[in-house]
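S.K.: I am sharing my_file36.cif, which consists of mmCIF, C-alpha atoms:
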data_coords
loop_
_atom_site.label_atom_id
_atom_site.label_comp_id
_atom_site.auth_asym_id
_atom_site.auth_seq_id
_atom_site.Cartn_x
_atom_site.Cartn_y
_atom_site.Cartn_z
CA MET Z 94 95.07 105.63 99.34
CA ASN Z 95 94.24 104.75 102.93
CA SER Z 96 97.64 103.82 104.41
CA GLU Z 97 96.35 101.38 107.03
CA ILE Z 98 94.27 99.47 104.50
CA VAL Z 99 97.25 99.24 102.12
CA GLN Z 100 99.51 97.99 104.92
CA ALA Z 101 96.92 95.46 106.07
CA ALA Z 102 96.53 94.22 102.49
CA PHE Z 103 100.31 93.90 102.14
CA HIS Z 104 100.66 91.74 105.26
CA GLN Z 105 97.68 89.70 104.13
CA VAL Z 106 99.55 88.75 100.93
CA PHE Z 107 103.23 88.83 101.98
CA LYS Z 108 103.45 86.75 105.14
CA SER Z 109 107.17 85.92 104.90
CA SER Z 110 110.28 86.93 102.95
CA GLN Z 111 111.83 83.46 103.25
CA PRO Z 112 110.78 82.20 99.79
CA TYR Z 113 112.71 85.06 98.17
CA GLY Z 114 116.11 84.64 99.78
CA GLN Z 115 118.41 86.72 101.96
CA LYS Z 116 118.21 89.93 99.95
CA THR Z 117 114.48 90.48 100.49
CA PHE Z 118 113.18 92.02 103.70
CA ILE Z 119 109.73 92.71 105.10
CA ILE Z 120 109.84 95.87 107.22
CA GLY Z 121 108.97 95.22 110.84
CA VAL Z 122 109.51 91.48 110.46
CA ASP Z 123 113.07 90.95 109.20
CA LYS Z 124 116.26 92.39 110.68
CA ILE Z 125 117.75 95.09 108.44
CA ASN Z 126 121.23 96.54 108.77
CA ARG Z 127 121.89 100.22 109.39
CA ALA Z 128 123.16 100.96 105.87
CA ILE Z 129 119.96 99.70 104.26
CA LYS Z 130 117.83 101.70 106.71
CA ARG Z 131 119.81 104.83 105.88
CA ASN Z 132 119.44 104.29 102.13
CA ILE Z 133 115.68 103.74 102.47
CA VAL Z 134 115.28 107.11 104.17
CA GLU Z 135 117.74 109.01 101.96
CA HIS Z 136 116.82 107.65 98.52
CA TYR Z 137 113.44 105.91 98.52
CA LEU Z 138 111.00 107.91 100.68
CA GLU Z 139 109.88 111.26 99.31
CA HIS Z 140 106.20 111.76 100.11
CA GLU Z 141 104.54 112.73 103.36
CA GLY Z 142 103.26 109.70 105.22
CA GLU Z 143 105.21 107.27 103.03
CA VAL Z 144 106.04 104.02 104.84
CA PRO Z 145 108.33 101.23 103.51
CA LEU Z 146 106.79 97.75 103.42
CA LEU Z 147 109.27 95.54 101.55
CA VAL Z 148 112.86 95.92 100.42
CA PHE Z 149 114.93 94.04 97.84
CA ALA Z 150 118.63 94.99 98.01
CA TYR Z 151 120.53 93.15 95.32
CA VAL Z 152 123.77 95.18 95.31
CA ASP Z 153 125.64 97.41 97.75
CA GLU Z 154 123.25 97.72 100.67
CA LEU Z 155 120.32 98.98 98.57
CA ASN Z 156 122.27 101.37 96.35
CA ASN Z 157 120.69 99.09 93.77
CA GLY Z 158 117.31 97.47 94.34
CA PHE Z 159 113.72 98.43 94.99
CA VAL Z 160 111.43 99.45 97.84
CA LEU Z 161 107.69 98.84 97.98
CA THR Z 162 105.98 101.50 100.11
CA ASN Z 163 102.39 102.21 101.08
CA GLN Z 164 102.26 104.68 98.17
CA ARG Z 165 104.73 103.68 95.46
CA LEU Z 166 107.15 101.17 94.00
CA VAL Z 167 110.64 102.76 93.72
CA TRP Z 168 113.64 101.13 92.04
CA ARG Z 169 117.28 102.15 91.42
CA TYR Z 170 120.22 100.63 89.59
CA LEU Z 171 123.67 101.63 88.25
CA ASP Z 172 124.43 102.83 91.79
CA GLY Z 173 121.52 105.22 91.72
CA GLN Z 174 122.23 106.77 88.31
CA GLU Z 175 118.92 105.30 87.13
CA GLU Z 176 115.87 105.76 89.35
CA HIS Z 177 112.20 105.17 88.62
CA ASP Z 178 108.96 105.04 90.54
CA ILE Z 179 105.24 104.49 90.01
CA ASP Z 180 102.25 105.09 92.30
CA LEU Z 181 100.57 101.87 93.39
CA GLU Z 182 97.17 103.04 92.12
CA ASP Z 183 98.67 103.46 88.62
CA ILE Z 184 99.98 99.88 88.36
CA GLN Z 185 97.99 97.54 86.14
CA ARG Z 186 100.20 94.46 86.40
CA ALA Z 187 103.72 93.10 86.76
CA GLU Z 188 105.34 90.41 84.63
CA ALA Z 189 108.40 88.26 85.28
CA GLY Z 190 110.91 87.87 82.48
CA SER Z 191 114.59 87.69 81.56
CA SER Z 192 117.05 90.10 80.00
CA PHE Z 193 120.36 88.62 78.89
CA LEU Z 194 119.83 85.68 81.28
CA VAL Z 195 119.10 88.05 84.20
CA ARG Z 196 115.69 87.80 85.87
CA VAL Z 197 113.67 91.01 85.71
CA MET Z 198 110.21 92.31 86.57
CA ARG Z 199 108.38 94.59 84.17
CA ILE Z 200 105.64 96.98 85.30
CA THR Z 201 102.76 98.12 83.08
CA ASP Z 202 100.55 101.01 84.15
CA VAL Z 203 96.81 101.47 83.65
CA THR Z 204 97.38 103.26 80.32
CA GLY Z 205 99.41 100.34 78.94
CA LYS Z 206 102.78 102.07 79.30
CA GLU Z 207 105.64 99.71 80.16
CA TYR Z 208 108.18 101.03 82.68
CA PRO Z 209 111.96 100.33 82.69
CA LYS Z 210 112.71 96.83 83.89
CA ILE Z 211 113.46 96.05 87.52
CA TYR Z 212 116.47 93.77 87.99
CA MET Z 213 115.77 90.83 90.34
CA THR Z 214 119.35 89.53 90.49
CA GLY Z 215 119.77 87.32 93.55
CA MET Z 216 116.08 86.92 94.36
CA ASP Z 217 114.78 83.37 94.71
CA ASN Z 218 111.40 82.36 93.26
CA VAL Z 219 110.92 85.47 91.14
CA ASP Z 220 107.76 84.12 89.50
CA GLN Z 221 106.16 83.52 92.90
CA PHE Z 222 107.07 87.03 94.03
CA VAL Z 223 105.55 88.61 90.92
CA ALA Z 224 102.38 86.57 91.38
CA GLN Z 225 102.06 87.77 94.97
CA PHE Z 226 102.83 91.35 93.95
CA ASN Z 227 100.00 91.21 91.41
CA GLU Z 228 97.70 89.80 94.09
CA PHE Z 229 98.59 92.73 96.36
CA ILE Z 230 97.99 95.29 93.60
CA ALA Z 231 94.66 93.69 92.72
CA LEU Z 232 93.64 93.75 96.36
CA ILE Z 233 94.38 97.42 97.03
CA ASN Z 234 93.06 98.62 93.70
CA GLY Z 235 89.84 96.65 93.95
CA ILE Z 236 90.39 94.70 90.73
CA ASP Z 237 88.27 91.55 90.65
CA ASP Z 238 88.77 89.40 87.57
CA GLU Z 239 85.60 87.43 88.29
CA ASP Z 240 83.19 90.36 88.44
CA THR Z 241 83.94 94.01 87.75
CA SER Z 242 80.37 94.93 86.82
CA ALA Z 243 78.99 95.58 90.28
CA TRP Z 244 81.52 97.81 91.95
CA PRO Z 245 80.09 100.66 94.00
CA SER Z 246 81.59 104.10 93.52
CA TYR Z 247 82.42 106.66 96.17
CA ASN Z 248 83.90 110.13 96.03
CA ASP Z 249 84.32 112.47 99.00
CA GLU Z 250 83.84 115.46 96.69
CA THR Z 251 80.15 114.62 96.35
CA LYS Z 252 79.85 115.59 100.06
CA ARG Z 253 76.98 113.20 100.67
CA THR Z 254 75.85 112.93 104.26
CA SER Z 255 76.48 109.77 106.24
CA ALA Z 256 72.81 108.91 106.12
CA THR Z 257 72.72 109.15 102.33
CA VAL Z 258 75.84 107.03 101.93
CA MET Z 259 74.57 104.39 104.34
CA THR Z 260 71.20 104.01 102.63
CA SER Z 261 72.26 104.38 99.01
CA PRO Z 262 71.94 101.18 96.95
CA THR Z 263 74.93 99.63 95.25
CA VAL Z 264 75.64 101.31 91.93
CA GLN Z 265 75.32 98.56 89.34
CA ASN Z 266 77.19 98.19 86.04
CA ARG Z 267 79.78 100.81 86.87
CA THR Z 268 83.51 100.37 87.30
CA PRO Z 269 85.70 102.90 89.10
CA SER Z 270 86.92 105.85 87.05
CA ASN Z 271 90.41 105.00 88.31
CA ASN Z 272 91.93 102.10 90.20
CA GLY Z 273 92.12 104.03 93.47
CA ASN Z 274 88.42 104.86 93.49
CA TYR Z 275 87.28 101.51 94.85
CA LEU Z 276 89.76 101.70 97.71
CA GLN Z 277 88.50 105.21 98.48
CA PHE Z 278 84.98 103.84 98.55
CA LEU Z 279 85.94 101.09 101.02
CA ALA Z 280 87.82 103.51 103.28
CA GLY Z 281 84.88 105.91 103.32
CA PHE Z 282 82.40 103.09 103.80
CA ILE Z 283 84.25 101.70 106.83
CA GLU Z 284 84.76 105.15 108.36
CA LYS Z 285 81.09 106.14 108.07
CA THR Z 286 79.79 102.74 109.14
CA PHE Z 287 81.68 102.66 112.43
CA ALA Z 288 80.91 106.28 113.19
CA GLN Z 289 77.37 105.11 113.92
CA ARG Z 290 76.61 104.42 117.56
CA GLU Z 291 74.90 101.07 116.99
CA PHE Z 292 78.04 99.70 115.34
CA ILE Z 293 80.40 100.59 118.21
CA PHE Z 294 81.15 97.36 120.05
CA ASP Z 295 83.15 97.39 123.28
CA ARG Z 296 84.96 94.20 122.28
CA TYR Z 297 84.85 91.10 120.08
CA VAL Z 298 84.10 93.05 116.86
CA TYR Z 299 87.08 94.64 115.09
CA HIS Z 300 87.25 96.69 111.89
CA ILE Z 301 90.25 97.40 109.71
CA GLY Z 302 92.08 100.64 110.37
CA ARG Z 303 90.73 101.03 113.90
CA ASP Z 304 94.05 100.17 115.55
CA SER Z 305 96.90 97.67 115.31
CA LYS Z 306 95.03 95.13 117.46
CA SER Z 307 92.06 95.20 115.10
CA ASN Z 308 94.27 94.77 112.03
CA GLU Z 309 96.00 91.84 113.74
CA LYS Z 310 92.67 90.21 114.63
CA ILE Z 311 91.49 90.43 111.03
CA GLN Z 312 94.77 88.98 109.78
CA LYS Z 313 94.44 86.06 112.21
CA ALA Z 314 90.89 85.39 111.05
CA VAL Z 315 91.96 85.50 107.41
CA SER Z 316 94.82 83.08 108.05
CA ALA Z 317 92.65 80.71 110.10
CA TYR Z 318 89.59 80.20 107.93
CA ALA Z 319 89.24 82.51 104.93
CA ASN Z 320 90.14 81.59 101.36
CA LEU Z 321 90.22 85.09 99.92
CA LYS Z 322 89.70 85.56 96.21
CA ASN Z 323 91.48 87.98 93.92
CA GLY Z 324 90.47 91.50 94.93
CA GLU Z 325 88.93 90.38 98.23
CA ALA Z 326 89.97 92.00 101.53
CA GLY Z 327 89.13 91.27 105.15
CA LEU Z 328 87.37 94.30 106.65
CA VAL Z 329 85.66 93.25 109.90
CA CYS Z 330 85.91 90.22 112.18
CA CYS Z 331 83.97 89.01 115.18
CA ASP Z 332 86.21 86.91 117.41
CA ILE Z 333 84.23 84.33 119.40
CA THR Z 334 87.21 82.45 120.83
CA ALA Z 335 87.78 82.26 124.57
CA PHE Z 336 91.43 83.36 124.38
CA GLY Z 337 91.28 85.88 121.55
CA GLY Z 338 92.93 83.82 118.83
CA ALA Z 339 90.27 84.75 116.22
CA GLU Z 340 90.38 81.27 114.67
CA ASP Z 341 86.59 80.99 115.18
CA GLY Z 342 84.03 83.64 114.38
CA VAL Z 343 82.79 85.76 111.50
CA LEU Z 344 84.84 87.62 108.87
CA LEU Z 345 83.27 90.28 106.65
CA THR Z 346 85.04 91.11 103.39
CA ASN Z 347 84.21 93.37 100.49
CA GLN Z 348 82.69 90.35 98.70
CA GLY Z 349 81.03 88.16 101.31
CA ILE Z 350 80.86 86.69 104.82
CA TYR Z 351 82.95 83.80 106.17
CA VAL Z 352 81.56 81.93 109.17
CA HIS Z 353 83.62 79.48 111.23
CA ASN Z 354 81.68 78.05 114.13
CA PRO Z 355 83.76 76.00 116.62
CA PHE Z 356 84.39 72.40 115.49
CA GLU Z 357 82.55 72.98 112.17
CA ASN Z 358 83.59 73.50 108.56
CA VAL Z 359 83.87 77.02 107.20
CA HIS Z 360 80.80 78.46 105.48
CA TYR Z 361 81.11 81.27 102.92
CA PHE Z 362 78.22 83.47 101.83
CA PRO Z 363 78.87 85.82 98.87
CA TYR Z 364 76.74 88.93 99.35
CA ARG Z 365 74.95 88.36 96.05
CA GLU Z 366 73.81 84.91 97.24
CA ILE Z 367 72.48 85.98 100.65
CA SER Z 368 68.68 85.94 100.71
CA SER Z 369 68.12 86.42 104.44
CA ILE Z 370 69.93 87.60 107.58
CA GLU Z 371 67.70 87.08 110.59
CA LEU Z 372 67.73 87.29 114.37
CA LYS Z 373 65.44 84.55 115.67
CA GLY Z 374 64.44 83.29 119.10
CA ILE Z 375 62.09 84.17 121.94
CA ILE Z 376 64.26 84.63 125.02
CA VAL Z 377 67.77 83.90 123.73
CA LYS Z 378 68.14 85.03 120.13
CA ASP Z 379 70.52 83.73 117.47
CA ILE Z 380 71.72 85.07 114.12
CA TYR Z 381 71.00 83.13 110.92
CA ILE Z 382 72.34 83.66 107.39
CA ASN Z 383 70.27 81.84 104.76
CA GLY Z 384 68.94 79.70 107.59
CA PHE Z 385 72.42 78.78 108.88
CA LYS Z 386 72.99 79.58 112.55
CA ILE Z 387 76.18 81.50 113.35
CA GLU Z 388 77.71 81.46 116.78
CA SER Z 389 78.31 84.76 118.58
CA PRO Z 390 80.41 85.64 121.64
CA THR Z 391 78.96 84.06 124.78
CA CYS Z 392 78.63 87.42 126.51
CA PHE Z 393 76.70 88.98 123.61
CA GLY Z 394 73.23 89.96 124.78
CA ASN Z 395 70.26 90.34 122.48
CA THR Z 396 71.06 94.02 121.92
CA GLU Z 397 74.60 93.25 120.70
CA LYS Z 398 73.24 90.45 118.51
CA GLN Z 399 70.67 92.82 117.02
CA ASN Z 400 73.36 95.39 116.26
CA PHE Z 401 75.63 92.77 114.70
CA THR Z 402 72.73 91.47 112.61
CA THR Z 403 72.14 95.03 111.39
CA LEU Z 404 75.85 95.34 110.58
CA LEU Z 405 75.73 92.14 108.49
CA ARG Z 406 72.71 93.41 106.59
CA HIS Z 407 74.38 96.76 106.07
CA PHE Z 408 77.45 95.14 104.46
CA LYS Z 409 75.27 92.84 102.37
CA ASP Z 410 73.13 95.73 101.08
CA ASN Z 411 75.94 98.18 100.35
CA LEU Z 412 78.87 96.10 99.08
#
Give the structure from the file, written as structure tokens.
M.R.:
Amino acid sequence: MNSEIVQAAFHQVFKSSQPYGQKTFIIGVDKINRAIKRNIVEHYLEHEGEVPLLVFAYVDELNNGFVLTNQRLVWRYLDGQEEHDIDLEDIQRAEAGSSFLVRVMRITDVTGKEYPKIYMTGMDNVDQFVAQFNEFIALINGIDDEDTSAWPSYNDETKRTSATVMTSPTVQNRTPSNNGNYLQFLAGFIEKTFAQREFIFDRYVYHIGRDSKSNEKIQKAVSAYANLKNGEAGLVCCDITAFGGAEDGVLLTNQGIYVHNPFENVHYFPYREISSIELKGIIVKDIYINGFKIESPTCFGNTEKQNFTTLLRHFKDNL
């Protein structure tokens, strides 16, 4: 899995640990004591490039608890005598339940196997946490309950050239061979798209995984005006605000385009419902989606507008 996309998806879903009480911590947001940090490194991180995202320490400074990383979910209890883990791409769903009056979370993998229960003793709002966890898993694994019949597929092993990938039509009526395949497609799609010269913008246009500033811009746009659906992820944003707040502009996801012009209501265009993306005008040109004018940064010239129009069409035709 692409680590930056997974981390961006996590912060898109889990914005705060406050609903879950004092034993739940979001890495990089909440203050964590030295003992918990030591236990994370010594007992929960095993793979190269593995990064912790969220910690729940219900007994003895994380001798018992679980850690959600960018690769796995790892949980321990009985002071570490019992330890289990599962790769994120193998998780089908989580369910909240009880065992002898103790709240637990049960994980089922893509084959239907149920893993040993995870004790949630001391966590507040367990049902809410499990719902958000499932939203996160659906997002990174590309599971869309509304429509799984039109997923594209992508595999680096096919060694297609960038030109072939960019011009290939969406593969219809085909679901990924595994849950990680759709994420691999998105990562490859983004990488190859922004390797093209016409899609390199000096500023105002940001794509996921480019750098921390770009990820932050996309998160701000999502928070300001996007109502993301299950399995939908923010991928690119165009920030048209004067001070860089990203609360106005355009957000491209894997399912459609959100447009928030200043002082107007948000407009959402699912890719399957877009009939036209046009650049119109004689001297000063403007971009239109289905006849609706979208505002662009004031310093965008006609060349930048043409390139952004091409980018919108490219997403519409290939996602």
S.K.: With all atoms listed in the file as the atoms that count, which of Z:Asn395, Z:Asn358, Z:Thr346, Z:Ile283 lies nearest to Ile376 (chain Z)?
M.R.: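 The answer is Z:Asn395, which sits nearest to Ile376 (chain Z).
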S.K.: With the file shown as input, list the residues that the PyMOL selection byres ((chain Z and resi 106) around 12) selects, as JSON, numbers by chain.
M.R.: {"Z": [99, 100, 101, 102, 103, 104, 105, 107, 108, 109, 110, 119, 146, 147, 221, 222, 223, 224, 225, 226, 227, 228, 229, 230, 231, 232, 233, 312, 315, 316, 320, 321, 322, 323, 324, 325, 326, 327]}
S.K.: Pull C-alpha atoms from the residues just selected and write them as a PDB file, in the frame of the given file.
M.R.:
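Result written to again-v2.pdb:
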ATOM      1  CA  VAL Z  99      97.250  99.240 102.120  1.00  0.00           C
ATOM      2  CA  GLN Z 100      99.510  97.990 104.920  1.00  0.00           C
ATOM      3  CA  ALA Z 101      96.920  95.460 106.070  1.00  0.00           C
ATOM      4  CA  ALA Z 102      96.530  94.220 102.490  1.00  0.00           C
ATOM      5  CA  PHE Z 103     100.310  93.900 102.140  1.00  0.00           C
ATOM      6  CA  HIS Z 104     100.660  91.740 105.260  1.00  0.00           C
ATOM      7  CA  GLN Z 105      97.680  89.700 104.130  1.00  0.00           C
ATOM      8  CA  PHE Z 107     103.230  88.830 101.980  1.00  0.00           C
ATOM      9  CA  LYS Z 108     103.450  86.750 105.140  1.00  0.00           C
ATOM     10  CA  SER Z 109     107.170  85.920 104.900  1.00  0.00           C
ATOM     11  CA  SER Z 110     110.280  86.930 102.950  1.00  0.00           C
ATOM     12  CA  ILE Z 119     109.730  92.710 105.100  1.00  0.00           C
ATOM     13  CA  LEU Z 146     106.790  97.750 103.420  1.00  0.00           C
ATOM     14  CA  LEU Z 147     109.270  95.540 101.550  1.00  0.00           C
ATOM     15  CA  GLN Z 221     106.160  83.520  92.900  1.00  0.00           C
ATOM     16  CA  PHE Z 222     107.070  87.030  94.030  1.00  0.00           C
ATOM     17  CA  VAL Z 223     105.550  88.610  90.920  1.00  0.00           C
ATOM     18  CA  ALA Z 224     102.380  86.570  91.380  1.00  0.00           C
ATOM     19  CA  GLN Z 225     102.060  87.770  94.970  1.00  0.00           C
ATOM     20  CA  PHE Z 226     102.830  91.350  93.950  1.00  0.00           C
ATOM     21  CA  ASN Z 227     100.000  91.210  91.410  1.00  0.00           C
ATOM     22  CA  GLU Z 228      97.700  89.800  94.090  1.00  0.00           C
ATOM     23  CA  PHE Z 229      98.590  92.730  96.360  1.00  0.00           C
ATOM     24  CA  ILE Z 230      97.990  95.290  93.600  1.00  0.00           C
ATOM     25  CA  ALA Z 231      94.660  93.690  92.720  1.00  0.00           C
ATOM     26  CA  LEU Z 232      93.640  93.750  96.360  1.00  0.00           C
ATOM     27  CA  ILE Z 233      94.380  97.420  97.030  1.00  0.00           C
ATOM     28  CA  GLN Z 312      94.770  88.980 109.780  1.00  0.00           C
ATOM     29  CA  VAL Z 315      91.960  85.500 107.410  1.00  0.00           C
ATOM     30  CA  SER Z 316      94.820  83.080 108.050  1.00  0.00           C
ATOM     31  CA  ASN Z 320      90.140  81.590 101.360  1.00  0.00           C
ATOM     32  CA  LEU Z 321      90.220  85.090  99.920  1.00  0.00           C
ATOM     33  CA  LYS Z 322      89.700  85.560  96.210  1.00  0.00           C
ATOM     34  CA  ASN Z 323      91.480  87.980  93.920  1.00  0.00           C
ATOM     35  CA  GLY Z 324      90.470  91.500  94.930  1.00  0.00           C
ATOM     36  CA  GLU Z 325      88.930  90.380  98.230  1.00  0.00           C
ATOM     37  CA  ALA Z 326      89.970  92.000 101.530  1.00  0.00           C
ATOM     38  CA  GLY Z 327      89.130  91.270 105.150  1.00  0.00           C
TER      39      GLY Z 327
END
S.K.: Report, in Å to a single decimal, how far apart CA of Tyr113 (chain Z) and CA of His136 (chain Z) are.
M.R.: 23.0 Å
S.K.: Counting all atoms listed in the file, which residue out of Z:Val203, Z:Val197, Z:Val148, Z:Ala314 sits closest to Asp220 (chain Z)?
M.R.: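 Ranking Z:Val203, Z:Val197, Z:Val148, Z:Ala314 by distance to Asp220 (chain Z), first place goes to Z:Val197.
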S.K.: Please identify all polymer residues within 12 Å of Gly384 (chain Z), counting all atoms listed in the file, omitting same-chain residues fewer than 2 positions from it, and present them as a PyMOL selection string.
M.R.: chain Z and resi 362+367-373+379-382+386-387
S.K.: Separation of CA of Trp168 (chain Z) and CA of Tyr212 (chain Z), in Å?
M.R.: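 These two atoms are separated by 8.9 Å.
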S.K.: What gap, in Å, lies between CA of Glu284 (chain Z) and CA of Gly302 (chain Z)?
M.R.: 8.8 Å
S.K.: Given the file shown, determine the residues that the PyMOL selection byres ((chain Z and resi 134) around 12) selects; report them as a list in words.
M.R.: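 Applying the PyMOL selection byres ((chain Z and resi 134) around 12) to the structure shown produces Arg127, Ala128, Ile129, Lys130, Arg131, Asn132, Ile133, Glu135, His136, Tyr137, Leu138, Glu139, His140, Glu143, Val144, Pro145, Leu155, Asn156, Val160 and Thr162 of chain Z.
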S.K.: Evaluated on this file, the PyMOL selection byres ((chain Z and resi 178) around 6) picks out some residues - which ones are they, written as a PyMOL selection string?
M.R.: chain Z and resi 166-167+177+179
S.K.: Pick from Z:Thr396, Z:Asn383, Z:Asn354, Z:Asn157: nearest to Gly215 (chain Z), with only C-alpha atoms counted?
M.R.: Z:Asn157
S.K.: Would you mind listing what lies within 8 Å of region 330-338 of chain Z as a list in words, with all atoms listed in the file counted and same-chain residues fewer than 4 positions away left out?
M.R.: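 Close residues of region 330-338 of chain Z: Tyr297, Val298, Tyr299, His300, Lys310, Ile311, Lys313, Ala314, Gly342, Val343, Leu344, Leu345, Glu388, Ser389, Pro390 and Thr391 of chain Z.
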S.K.: So that I can check the surroundings of Glu397 (chain Z), please list as a PyMOL selection string every protein, DNA and RNA residue that reaches within 8 Å of it, counting all atoms listed in the file and ignoring chain neighbours fewer than 4 positions away.
M.R.: chain Z and resi 294+393+401
S.K.: My list of candidates is Z:Tyr351, Z:Ser192, Z:Gly205, Z:Phe282. Which is closest to Ala317 (chain Z) when distances are computed with all atoms listed in the file?
M.R.: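 Result for the nearest residue to Ala317 (chain Z): Z:Tyr351.
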